[in-house]
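Below is one structure, written out as structure tokens; the observations come after it.
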Protein chains: 6
Amino acid sequence: MNLLENSDILADIGEYLAEDIGRGDITTQSTVPKGVRGIGSFLAKEDLVVCGIQIAEAVFAQLDPESPAIDTSIADGDEVKAGAVFGTLSGYADILLTGERLALNLMQRMSGIATLSRLYSKAVEGTNAKIVDTRKTTPGLRMLEKYAVTVGGCKNHRFGLDDGVLIKDNHIALSGGVKEAITAAKEKVGHLHKIEIEVMNWGQLREAISAGADIVMLDNQTPEETAKLVDMARGLNPSVLLEASGGMNLDTVRDYAEAGVDLISVGRLTHSARAMDISFKIKTV
Amino acid sequence: MNLLENSDILADIGEYLAEDIGRGDITTQSTVPKGVRGIGSFLAKEDLVVCGIQIAEAVFAQLDPESPAIDTSIADGDEVKAGAVFGTLSGYADILLTGERLALNLMQRMSGIATLSRLYSKAVEGTNAKIVDTRKTTPGLRMLEKYAVTVGGCKNHRFGLDDGVLIKDNHIALSGGVKEAITAAKEKVGHLHKIEIEVMNWGQLREAISAGADIVMLDNQTPEETAKLVDMARGLNPSVLLEASGGMNLDTVRDYAEAGVDLISVGRLTHSARAMDISFKIKTV
Amino acid sequence: MNLLENSDILADIGEYLAEDIGRGDITTQSTVPKGVRGIGSFLAKEDLVVCGIQIAEAVFAQLDPESPAIDTSIADGDEVKAGAVFGTLSGYADILLTGERLALNLMQRMSGIATLSRLYSKAVEGTNAKIVDTRKTTPGLRMLEKYAVTVGGCKNHRFGLDDGVLIKDNHIALSGGVKEAITAAKEKVGHLHKIEIEVMNWGQLREAISAGADIVMLDNQTPEETAKLVDMARGLNPSVLLEASGGMNLDTVRDYAEAGVDLISVGRLTHSARAMDISFKIKTV
Amino acid sequence: MNLLENSDILADIGEYLAEDIGRGDITTQSTVPKGVRGIGSFLAKEDLVVCGIQIAEAVFAQLDPESPAIDTSIADGDEVKAGAVFGTLSGYADILLTGERLALNLMQRMSGIATLSRLYSKAVEGTNAKIVDTRKTTPGLRMLEKYAVTVGGCKNHRFGLDDGVLIKDNHIALSGGVKEAITAAKEKVGHLHKIEIEVMNWGQLREAISAGADIVMLDNQTPEETAKLVDMARGLNPSVLLEASGGMNLDTVRDYAEAGVDLISVGRLTHSARAMDISFKIKTV
Amino acid sequence: MNLLENSDILADIGEYLAEDIGRGDITTQSTVPKGVRGIGSFLAKEDLVVCGIQIAEAVFAQLDPESPAIDTSIADGDEVKAGAVFGTLSGYADILLTGERLALNLMQRMSGIATLSRLYSKAVEGTNAKIVDTRKTTPGLRMLEKYAVTVGGCKNHRFGLDDGVLIKDNHIALSGGVKEAITAAKEKVGHLHKIEIEVMNWGQLREAISAGADIVMLDNQTPEETAKLVDMARGLNPSVLLEASGGMNLDTVRDYAEAGVDLISVGRLTHSARAMDISFKIKTV
Amino acid sequence: MNLLENSDILADIGEYLAEDIGRGDITTQSTVPKGVRGIGSFLAKEDLVVCGIQIAEAVFAQLDPESPAIDTSIADGDEVKAGAVFGTLSGYADILLTGERLALNLMQRMSGIATLSRLYSKAVEGTNAKIVDTRKTTPGLRMLEKYAVTVGGCKNHRFGLDDGVLIKDNHIALSGGVKEAITAAKEKVGHLHKIEIEVMNWGQLREAISAGADIVMLDNQTPEETAKLVDMARGLNPSVLLEASGGMNLDTVRDYAEAGVDLISVGRLTHSARAMDISFKIKTV
């Protein structure tokens, strides 16, 4: 995923700059002489997985298309230690000052998600399970946050309600049952879409598999229950995909992976990742 | 601040819905019959300060201007216990299902910020200090997040770079010094703006006050150093406002308040608040 | 698919009105008195499948939110004979005149596609094959045109490049081969997506099925060749979906359906449907 | 008309790309290596008048501003034979694949209109009549379609309701009569606009000319009736322009031209032109 | 021209409100209690022609769709004396305060243009000449300003460069001469457009008429020269329209009218009209 | 203030061009050959302060990003005499013709404001008073007009209702009094904002100062009354800022300045400045 090929993201950055700058950066405009060149660098103040370098560069490029250029040997996905300097830019000092906060706000959040995703992906290393994200993203930032998840080594679940069928408890109740919901979805959605359904127990799981579900999400089960359900499900249809979901954390996620599921969805990758502590240092030249 | 009077926020909600729904909610459209009415309610799964009820209502109203109406005795700012049900809506079941995730994504984040802000505002109760937020907000969500800060009982620092003068270390260096920066800002910005400057030590603080700074931010000091600087500053100019900043947390914030500052700025109110655990329950009627 | 729930379509109608009206309908404004009420009706001048009634209503509603109301016993999908009157509106005469051309331009095209799709869907009646559309739609009108396809009784293939994997000859060549392309796609796209691949011959078809393709498109085969390939494919994997494609027309489409494929894609449903002959009659009241 | 000077068209292309690509071309992104260069060429699969080369180039340029360049000796308006290759581009293979469908959708439609317009313009060669288009264009594509009409050798009637006065039967009825409508229009529209009116018979034609109409449209007459009306009208005012309209086709259009009218309007130039069969061939380099 | 039917104007008002209100009316929000009702009225502080009542109403309606309603017996075009009160609104006091400045900024400018236009239209009363405006309008406000011109009793020249042909000295020079320019324009522009050309002297005027110009603008002539040119031109073609232009003012305009021209264009109607002195009085209820 | 750094202004210029050009400059397109180069220059037809050179350049650059370049030794703020030529551009002749009117409309208005502001700033030279503008600007053009004010040597008052607190008579009445309004504002607005209040008499002035107003506006006083109020106010608080307002003109403004106020606000700088007489001359090369 090359985010900068997506013109929406450049438009979004323009809106974020407008949100922060409004009618102008009155402090910088009144105190900093025009034409002074500077060098800006990001400084990691804790160990982290870097994410958002291209985005930070795009922030400064919108303020001044010609000058700033990031010269870095560190790329998205690299792990850096506290104290590491990365992403050095050369540009006009006033541009660096005006764009600093937005560049940091984006990079700190994206690096936070990438760093947390790295922990989760490592936690299940060696198993067959993949960690996937959810739609519990920050409104407006879904593309950037889902990108950060992949930089951290996890996978993306669907990008929106049009991007995949996931039948949940309310859909089941409103359509008349597990079988009815699956049948209706198979009839109406395009032939390129698989059908995923969330189940609560073995009865629903069995009904889902026999109705032809491609993927079944086992919601809110213990690892032990999950292991049992996985065994029974594989007995019915070895190729059905199984996903565990519900209240996952770093302490429990490996148990679920070892229970044999294919996918584990983790909402907190995006809804509660802490911003990494990164600062931006400017020197004049 | 009545957020719903701000037409930008309604436009933003439209964009967030587009981000999540794309070409359509294929699961709901294929499994849920049209015309079925439902009742949806938010359920607090932990103790929290509610924030975002109007915004959640606006999400559903954009999907169906006529039906959903939130009937609630709980308003933004109320503290609820785990298990509390609030914000009950009546509407078409398919609309409730399609809007659920965005309504939750917004309310969980806003309630997270309000809940954390409440803790900070209580931590300094009885002192003269007010907790203020920063510009370390999520890009695109600044208005909503700063609103959540006030719902939690804290105050807002500037809304953007055009909304106030805050001279930082780089501005000082580039303009030639504390006095030069303050003089330049006074000369160039409008007469309605006060001048705030960030200082590192007593020398800079003294120079700032004598150059006529209206507010001085004491950055990265211990509570003890802060208390000393406050005393000395008040000796020079009793009416200067003093702000403490840098790495505040719930353990240390009261010490700074008791050191006598007027304002304490806390970045983590917005940059690292955890999403509150809230779910949305739908029943057909 | 309820098109009027999609706010993009209302925005598009606003742009189409701007395209046609520009600074104002100078003829109507200068010759028609304000305040005169009229009745407008659509008149079919040939046999056709009606499509676009809601859209036509939305055109007039944008010009005058209060007055026009379509009172009709005929709905999208109904077949009408030459001479039939349908979609009667009551509104201000000047509004009816100003909106007439856009309402007709949309309804004539949509009815053209629905009418042609009806012919194709009837042509394969009684077989297991479904007719599907393609991405060969008019730029900007894809949602309306794909809706018209379903009104005519056919099905929609993917809505865009993000809505499904369809590996074509160039993808195969650039990725190194049929197997390599399928493997790469399975590895990288989300678990909710099936994999479709276009093949030219039995060798590719066999390789595709053994690499795990969910759907195989048989491109540019005769009906006889198609029947043979279907038989051989079903022998390898009875559940693989098979799609015929390439130069379909009303004379040949049933032969392909009887060859046993599940899907037949027909580009001309949208790229070359003729506009139906419909006029709009206005009477004053 | 240089279409690329019109910034609206570039914005429209951006919207068309968004419609087709959505969140990304998942097939190409997962199967085609980044950085591979390719050569793409359009291939005419039937005889046609080329139209849309600049537009196709603009499609690829929006996806990658730097690489693709069309190197062609064939320009809009040239007639090519089945088998001809034209519009060769050099660019990244993934960009060529992602933009291919939109470039073709535009060029096939525009070439279809240009090819049909060429037939009509040739059909009246040697007479004084010019073929003109109508407002029966595809919503959103009027500028491109009217451009294609001129590429085919015909002329444009008005671009929108603000671009010229054309009084039709409903306007006449609502304003009180032919004379009243012409008088009202002359009074109210700007002095730079001519007045055109549609008439049904000799009585209306005579009244229109004596009321000072600049152009009279003879609607739904046979060629013989048209010839008579033209003679009588010229007798009253030799400089009045006369336009024939209503159900024109390639078999009848020359008869109308020879009846002596100045203009013949043909709706099917735009509302029912068939898409030309053009494909796009990509080779890696 | 009903301006409120033009959705662009409502969108423009939204942008003007954003320009003035930004993140919120901090004075009113902090000092005025919510829910207090008020009555606002416009007060003419000099004699003027009222213009912009609908627009002012639309300003308040955007801030609060439900409350304010203008109850007025005075309409656009009415002449009021200093001291007159008009356009009374009832609404929330805070809304009235927040919208006041924009409503006044629009109404004062529009009334200024209407008042000046009234003086010009009266100055030529009884002659055959009509006063017309120019394209020397305020960028962004052309529709509103041209509307105000008509409210004052004058006529509109073309609304934009696409709305009429007006060949000026540079066009003449670049096309090779008066005759060449007229011939080229007649060949290329649509048959609904008349051809206007600006000339400097009798030689150009004669050439223009013989080349078939529909309208000739006599630029920068004295009234006496104008009268002579008018006579000579009418001798050549009695139906050619003649327009005087260049430095018109209230002292000279009648002389030009009496010289026999059909049209007199006056740039200062829009480019230099003074804002009328109007204030807005609010009372609570 | 570097206006061209503000992307909104470039977007506005795009909208202004669309307003003027619409579907195309039909005169230039039909009469001027493509590819002819020209030289365009602005010509001052009266003495004036130049303002808007960068903006004019941006107008032409939007029509043709590559060619036109203004080569000028005259910059915004320079005073030129009638007859002076400035702002010479080299570009395609058709581009110069199409952009001419908008470039002039902007430059004539901006130069009008700058020229008038220069007169006001000179009128108070040698006093301590600064002339400031108001919010009585043209809707949509506030940034450009406030820039022109500074080019003329005056200062800007607040840019919008969010940019400063200015409590007026209605706010005072609705909040309960001078003291109550000031107290409410101090409590609710951010700590970076000063509080300005408008008063009518000594009683209000005294109350305002004792309630802690930072700035007091003395509205509609004679110069003599103003001098008395200034003296009394300085006696209470030497550092309060005092602003005179209400019906200022070039004859009276110095009397107010000599009365000792710090600021004098003059609405007519922006609401009634006359457009300067500037023309644009094009020569081919």
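Letters A, B, ... mark the chains of the structure tokens in the order given; residue numbers begin at 1 per chain; ligand numbers begin at 1, in order shown.
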
Practice problem: Report the residues of segment 33-277 of chain F whose backbone DSSP state falls under alpha helix (DSSP H), written as an MDAnalysis selection string. | Solution: chainID F and resid 53:63 93:123 142:151 169:175 178:188 202:210 223:236 253:258 268:271

Self-check item: Interface, chain B side, toward chain D (10 Å; only C-alpha atoms) as a list in words
Solution: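 Taking only C-alpha atoms into account, Glu19, Gly22 and Arg23 of chain B sit within 10 Å of chain D.
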
Please write the residues from the selection above to a file, keeping N, CA and C atoms, as a PDB file, in the first residue's frame.
ATOM      1  N   GLU B  19     -16.363   6.934   4.716  1.00  0.00           N
ATOM      2  CA  GLU B  19     -15.178   6.101   4.960  1.00  0.00           C
ATOM      3  C   GLU B  19     -15.577   4.697   5.396  1.00  0.00           C
ATOM      4  N   GLY B  22     -18.722   3.238   2.417  1.00  0.00           N
ATOM      5  CA  GLY B  22     -18.326   3.082   1.025  1.00  0.00           C
ATOM      6  C   GLY B  22     -19.547   2.936   0.134  1.00  0.00           C
ATOM      7  N   ARG B  23     -19.567   1.897  -0.675  1.00  0.00           N
ATOM      8  CA  ARG B  23     -20.666   1.711  -1.629  1.00  0.00           C
ATOM      9  C   ARG B  23     -21.909   1.102  -0.996  1.00  0.00           C
TER      10      ARG B  23
END

Using DSSP on the backbone, list every residue of segment 55-141 of chain D that comes out as strand (DSSP E), and give them as a PDB file with C-alpha atoms, in the first residue's frame.
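Below is the file out_5.pdb, written as the result:
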ATOM      1  CA  ALA D  69       3.755  10.048 -22.222  1.00  0.00           C
ATOM      2  CA  ILE D  70       1.650   9.384 -25.276  1.00  0.00           C
ATOM      3  CA  ASP D  71       3.787   9.234 -28.376  1.00  0.00           C
ATOM      4  CA  GLU D  79      -9.919   7.889 -39.105  1.00  0.00           C
ATOM      5  CA  VAL D  80      -8.236   4.577 -38.359  1.00  0.00           C
ATOM      6  CA  VAL D  85      -2.407   0.768 -33.039  1.00  0.00           C
ATOM      7  CA  PHE D  86      -2.292   4.304 -31.650  1.00  0.00           C
ATOM      8  CA  GLY D  87      -1.649   6.339 -28.520  1.00  0.00           C
ATOM      9  CA  THR D  88       1.401   4.459 -27.279  1.00  0.00           C
ATOM     10  CA  LEU D  89       2.346   5.240 -23.657  1.00  0.00           C
ATOM     11  CA  SER D  90       5.415   4.453 -21.602  1.00  0.00           C
ATOM     12  CA  GLY D  91       4.924   4.135 -17.862  1.00  0.00           C
ATOM     13  CA  TYR D  92       4.948   1.892 -14.841  1.00  0.00           C
ATOM     14  CA  LYS D 130     -24.934  21.841 -40.651  1.00  0.00           C
ATOM     15  CA  ILE D 131     -25.621  18.988 -38.265  1.00  0.00           C
ATOM     16  CA  VAL D 132     -25.890  20.134 -34.629  1.00  0.00           C
TER      17      VAL D 132
END

Self-check item: Test item: residues at most 8 Å from Ala211 of chain A, only C-alpha atoms, excluding those fewer than 3 positions along its chain, as a count of residues only
Solution: 5

Practice problem: Tell me, in Å to one decimal, how far atom CA of Ala181 of chain D is from atom CA of Lys155 of chain E. | Solution: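 Going from atom CA of Ala181 of chain D over to atom CA of Lys155 of chain E, I get 19.5 Å.
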
Quiz prompt | Counting only C-alpha atoms, the residue of B:Ala93, B:Arg142, B:Ala213, B:Cys51 that sits nearest Asp64 of chain B | solution =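 Of B:Ala93, B:Arg142, B:Ala213, B:Cys51, the one nearest Asp64 of chain B, counting only C-alpha atoms, is B:Ala93.
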
Quiz item: Between atom CA of Lys122 of chain C and atom CA of Gly153 of chain C, what is the distance, to one decimal in Å?
Solution: 8.3 Å

Self-check item: Ser117 of chain D environment, 8 Å, only C-alpha atoms, sequence neighbours closer than 2 positions dropped, as a list in words
Solution: Ile113, Ala114, Thr115, Leu119, Tyr120, Ser121, Val149, Thr150, Gly152, Gly153, Cys154 and Leu269 of chain D

Please produce a file of those selected residues containing N, CA, C and O atoms, as a CSV table (one decimal), in the first residue's frame.
chain,number,residue,atom,x,y,z
D,113,ILE,N,-19.0,8.6,-30.4
D,113,ILE,CA,-19.8,9.8,-30.8
D,113,ILE,C,-19.1,10.4,-32.0
D,113,ILE,O,-19.8,10.9,-33.0
D,114,ALA,N,-17.8,10.5,-32.0
D,114,ALA,CA,-17.0,11.1,-33.1
D,114,ALA,C,-17.3,10.3,-34.4
D,114,ALA,O,-17.4,10.9,-35.5
D,115,THR,N,-17.3,9.0,-34.3
D,115,THR,CA,-17.5,8.2,-35.5
D,115,THR,C,-18.9,8.4,-36.1
D,115,THR,O,-19.1,8.6,-37.3
D,119,LEU,N,-20.2,10.3,-39.7
D,119,LEU,CA,-21.2,9.8,-40.7
D,119,LEU,C,-22.3,10.8,-41.0
D,119,LEU,O,-22.6,11.0,-42.2
D,120,TYR,N,-22.8,11.5,-40.0
D,120,TYR,CA,-23.8,12.5,-40.3
D,120,TYR,C,-23.2,13.7,-41.0
D,120,TYR,O,-23.9,14.2,-41.9
D,121,SER,N,-22.0,14.1,-40.7
D,121,SER,CA,-21.5,15.3,-41.4
D,121,SER,C,-21.3,15.0,-42.8
D,121,SER,O,-21.5,15.8,-43.7
D,149,VAL,N,-18.5,15.5,-30.7
D,149,VAL,CA,-19.4,15.9,-31.9
D,149,VAL,C,-18.6,16.8,-32.8
D,149,VAL,O,-18.6,16.6,-34.1
D,150,THR,N,-17.8,17.7,-32.3
D,150,THR,CA,-17.1,18.6,-33.2
D,150,THR,C,-15.9,17.9,-33.9
D,150,THR,O,-15.5,18.1,-35.0
D,152,GLY,N,-16.0,14.9,-34.8
D,152,GLY,CA,-16.6,14.2,-35.9
D,152,GLY,C,-17.1,15.1,-37.1
D,152,GLY,O,-17.5,14.6,-38.1
D,153,GLY,N,-17.0,16.4,-36.9
D,153,GLY,CA,-17.3,17.3,-38.0
D,153,GLY,C,-18.7,18.0,-37.9
D,153,GLY,O,-19.1,18.7,-38.8
D,154,CYS,N,-19.4,17.8,-36.8
D,154,CYS,CA,-20.7,18.5,-36.6
D,154,CYS,C,-20.5,19.7,-35.7
D,154,CYS,O,-19.4,20.0,-35.3
D,269,LEU,N,-26.8,11.6,-32.0
D,269,LEU,CA,-25.3,11.8,-31.9
D,269,LEU,C,-24.7,11.4,-30.6
D,269,LEU,O,-23.7,10.9,-30.4

Contacts of segment 14-17 of chain F within 10 Å, only C-alpha atoms, excl. fewer than 3 positions in-chain, as a compact mmCIF listing (two decimals) with all heavy atoms, in the first residue's frame:
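And here is the file that came out, part23.txt:
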# COMPACT_ATOMS: atom_id res chain seq x y z
N SER D 7 -10.26 23.11 -16.11
CA SER D 7 -9.85 22.39 -14.90
C SER D 7 -10.96 21.49 -14.38
O SER D 7 -10.71 20.52 -13.70
CB SER D 7 -9.44 23.38 -13.81
OG SER D 7 -10.55 24.17 -13.47
N THR E 138 -17.20 42.59 -8.30
CA THR E 138 -16.33 42.03 -7.27
C THR E 138 -16.20 40.52 -7.47
O THR E 138 -17.22 39.83 -7.55
CB THR E 138 -16.93 42.28 -5.88
OG1 THR E 138 -17.27 43.67 -5.79
CG2 THR E 138 -15.94 41.93 -4.80
N PRO E 139 -14.97 40.01 -7.55
CA PRO E 139 -14.81 38.56 -7.73
C PRO E 139 -15.58 37.77 -6.68
O PRO E 139 -15.46 38.04 -5.48
CB PRO E 139 -13.29 38.37 -7.60
CG PRO E 139 -12.72 39.66 -8.09
CD PRO E 139 -13.68 40.71 -7.59
N GLY E 140 -16.36 36.83 -7.14
CA GLY E 140 -17.17 36.00 -6.25
C GLY E 140 -18.59 36.49 -6.06
O GLY E 140 -19.47 35.72 -5.69
N LEU E 141 -18.83 37.76 -6.30
CA LEU E 141 -20.15 38.35 -6.03
C LEU E 141 -20.90 38.74 -7.30
O LEU E 141 -21.85 39.53 -7.24
CB LEU E 141 -19.99 39.58 -5.13
CG LEU E 141 -19.42 39.33 -3.74
CD1 LEU E 141 -19.30 40.65 -2.98
CD2 LEU E 141 -20.33 38.39 -2.95
N ARG E 142 -20.48 38.25 -8.45
CA ARG E 142 -21.07 38.75 -9.70
C ARG E 142 -22.59 38.58 -9.74
O ARG E 142 -23.31 39.50 -10.15
CB ARG E 142 -20.43 38.06 -10.91
CG ARG E 142 -20.96 38.61 -12.22
CD ARG E 142 -20.11 38.23 -13.41
NE ARG E 142 -18.85 38.97 -13.39
CZ ARG E 142 -17.81 38.69 -14.19
NH1 ARG E 142 -17.90 37.69 -15.05
NH2 ARG E 142 -16.70 39.41 -14.12
N GLY E 160 -20.45 36.48 -18.25
CA GLY E 160 -19.11 35.91 -18.24
C GLY E 160 -18.61 35.80 -19.67
O GLY E 160 -19.34 36.10 -20.63
N LEU E 161 -17.40 35.33 -19.80
CA LEU E 161 -16.78 35.25 -21.12
C LEU E 161 -17.43 34.21 -22.01
O LEU E 161 -17.22 34.21 -23.23
CB LEU E 161 -15.29 34.95 -20.97
CG LEU E 161 -14.47 36.09 -20.35
CD1 LEU E 161 -13.08 35.60 -19.96
CD2 LEU E 161 -14.36 37.25 -21.32
N ASP F 8 -6.05 28.66 0.39
CA ASP F 8 -7.43 29.08 0.17
C ASP F 8 -7.51 30.15 -0.91
O ASP F 8 -8.46 30.20 -1.68
CB ASP F 8 -8.04 29.65 1.45
CG ASP F 8 -8.38 28.55 2.44
OD1 ASP F 8 -8.32 27.38 2.06
OD2 ASP F 8 -8.69 28.88 3.59
N ILE F 9 -6.52 31.02 -0.94
CA ILE F 9 -6.60 32.12 -1.90
C ILE F 9 -6.42 31.60 -3.32
O ILE F 9 -7.09 32.06 -4.24
CB ILE F 9 -5.58 33.22 -1.51
CG1 ILE F 9 -6.17 33.96 -0.30
CG2 ILE F 9 -5.31 34.17 -2.67
CD1 ILE F 9 -5.25 34.96 0.32
N LEU F 10 -5.55 30.62 -3.49
CA LEU F 10 -5.44 30.02 -4.83
C LEU F 10 -6.75 29.33 -5.22
O LEU F 10 -7.19 29.42 -6.36
CB LEU F 10 -4.27 29.04 -4.87
CG LEU F 10 -2.90 29.70 -4.68
CD1 LEU F 10 -1.79 28.66 -4.76
CD2 LEU F 10 -2.67 30.80 -5.70
N ALA F 11 -7.38 28.67 -4.26
CA ALA F 11 -8.67 28.04 -4.57
C ALA F 11 -9.71 29.11 -4.91
O ALA F 11 -10.51 28.94 -5.83
CB ALA F 11 -9.14 27.19 -3.39
N ASP F 20 -16.03 33.88 -14.09
CA ASP F 20 -15.91 34.78 -15.24
C ASP F 20 -15.83 34.03 -16.56
O ASP F 20 -16.29 34.52 -17.59
CB ASP F 20 -14.66 35.66 -15.08
CG ASP F 20 -14.68 36.82 -16.07
OD1 ASP F 20 -15.79 37.31 -16.38
OD2 ASP F 20 -13.60 37.26 -16.51
N ILE F 21 -15.24 32.88 -16.56
CA ILE F 21 -14.98 32.17 -17.83
C ILE F 21 -16.08 31.16 -18.15
O ILE F 21 -16.41 30.93 -19.31
CB ILE F 21 -13.60 31.47 -17.78
CG1 ILE F 21 -12.49 32.52 -17.56
CG2 ILE F 21 -13.35 30.70 -19.07
CD1 ILE F 21 -11.11 31.94 -17.43
N GLY F 22 -16.66 30.56 -17.11
CA GLY F 22 -17.71 29.57 -17.36
C GLY F 22 -17.23 28.49 -18.30
O GLY F 22 -16.18 27.88 -18.08
N ALA F 58 -0.86 35.25 -9.94
CA ALA F 58 -1.49 33.95 -9.66
C ALA F 58 -2.68 33.69 -10.57
O ALA F 58 -2.97 32.55 -10.93
CB ALA F 58 -1.91 33.87 -8.19
N VAL F 59 -3.40 34.74 -10.94
CA VAL F 59 -4.53 34.58 -11.87
C VAL F 59 -4.04 34.00 -13.20
O VAL F 59 -4.57 33.00 -13.69
CB VAL F 59 -5.23 35.94 -12.11
CG1 VAL F 59 -6.18 35.84 -13.30
CG2 VAL F 59 -5.96 36.40 -10.86
N PHE F 60 -3.00 34.61 -13.75
CA PHE F 60 -2.50 34.13 -15.04
C PHE F 60 -1.86 32.74 -14.88
O PHE F 60 -1.97 31.90 -15.77
CB PHE F 60 -1.52 35.13 -15.64
CG PHE F 60 -2.17 36.42 -16.05
CD1 PHE F 60 -1.98 37.58 -15.32
CD2 PHE F 60 -3.01 36.47 -17.16
CE1 PHE F 60 -2.59 38.77 -15.69
CE2 PHE F 60 -3.63 37.65 -17.54
CZ PHE F 60 -3.42 38.80 -16.80
N GLN F 62 -2.77 30.37 -13.00
CA GLN F 62 -3.77 29.30 -12.96
C GLN F 62 -4.24 28.95 -14.37
O GLN F 62 -4.64 27.82 -14.63
CB GLN F 62 -4.97 29.72 -12.11
CG GLN F 62 -4.65 29.67 -10.62
CD GLN F 62 -5.83 29.22 -9.78
OE1 GLN F 62 -6.87 28.81 -10.29
NE2 GLN F 62 -5.67 29.28 -8.47
N LEU F 63 -4.22 29.93 -15.26
CA LEU F 63 -4.64 29.64 -16.64
C LEU F 63 -3.54 28.95 -17.43
O LEU F 63 -3.81 28.22 -18.38
CB LEU F 63 -5.05 30.95 -17.33
CG LEU F 63 -6.32 31.59 -16.80
CD1 LEU F 63 -6.52 32.96 -17.41
CD2 LEU F 63 -7.53 30.71 -17.12
N THR F 98 -7.79 36.29 -21.64
CA THR F 98 -8.82 35.62 -20.84
C THR F 98 -8.69 35.98 -19.35
O THR F 98 -9.69 36.07 -18.64
CB THR F 98 -8.73 34.09 -21.04
OG1 THR F 98 -8.97 33.82 -22.43
CG2 THR F 98 -9.75 33.35 -20.20
N GLY F 99 -7.47 36.17 -18.88
CA GLY F 99 -7.27 36.47 -17.47
C GLY F 99 -7.33 37.94 -17.12
O GLY F 99 -7.42 38.30 -15.93
N ARG F 101 -9.46 40.48 -17.15
CA ARG F 101 -10.51 41.14 -16.37
C ARG F 101 -10.43 40.78 -14.89
O ARG F 101 -10.58 41.65 -14.02
CB ARG F 101 -11.89 40.73 -16.93
CG ARG F 101 -13.08 41.39 -16.28
CD ARG F 101 -13.26 42.85 -16.68
NE ARG F 101 -12.71 43.77 -15.72
CZ ARG F 101 -12.10 44.90 -16.04
NH1 ARG F 101 -11.96 45.24 -17.30
NH2 ARG F 101 -11.59 45.68 -15.11
N LEU F 102 -10.18 39.51 -14.58
CA LEU F 102 -10.10 39.13 -13.17
C LEU F 102 -8.89 39.76 -12.52
O LEU F 102 -8.96 40.27 -11.40
CB LEU F 102 -10.06 37.61 -13.00
CG LEU F 102 -9.88 37.17 -11.54
CD1 LEU F 102 -11.01 37.69 -10.65
CD2 LEU F 102 -9.82 35.65 -11.45
N ALA F 103 -7.76 39.72 -13.21
CA ALA F 103 -6.56 40.35 -12.64
C ALA F 103 -6.83 41.82 -12.33
O ALA F 103 -6.48 42.32 -11.26
CB ALA F 103 -5.39 40.20 -13.62
N LEU F 106 -9.32 42.39 -9.33
CA LEU F 106 -8.68 42.22 -8.02
C LEU F 106 -7.72 43.38 -7.74
O LEU F 106 -7.73 43.97 -6.66
CB LEU F 106 -7.94 40.88 -7.97
CG LEU F 106 -8.86 39.65 -7.87
CD1 LEU F 106 -8.10 38.37 -8.18
CD2 LEU F 106 -9.48 39.56 -6.47
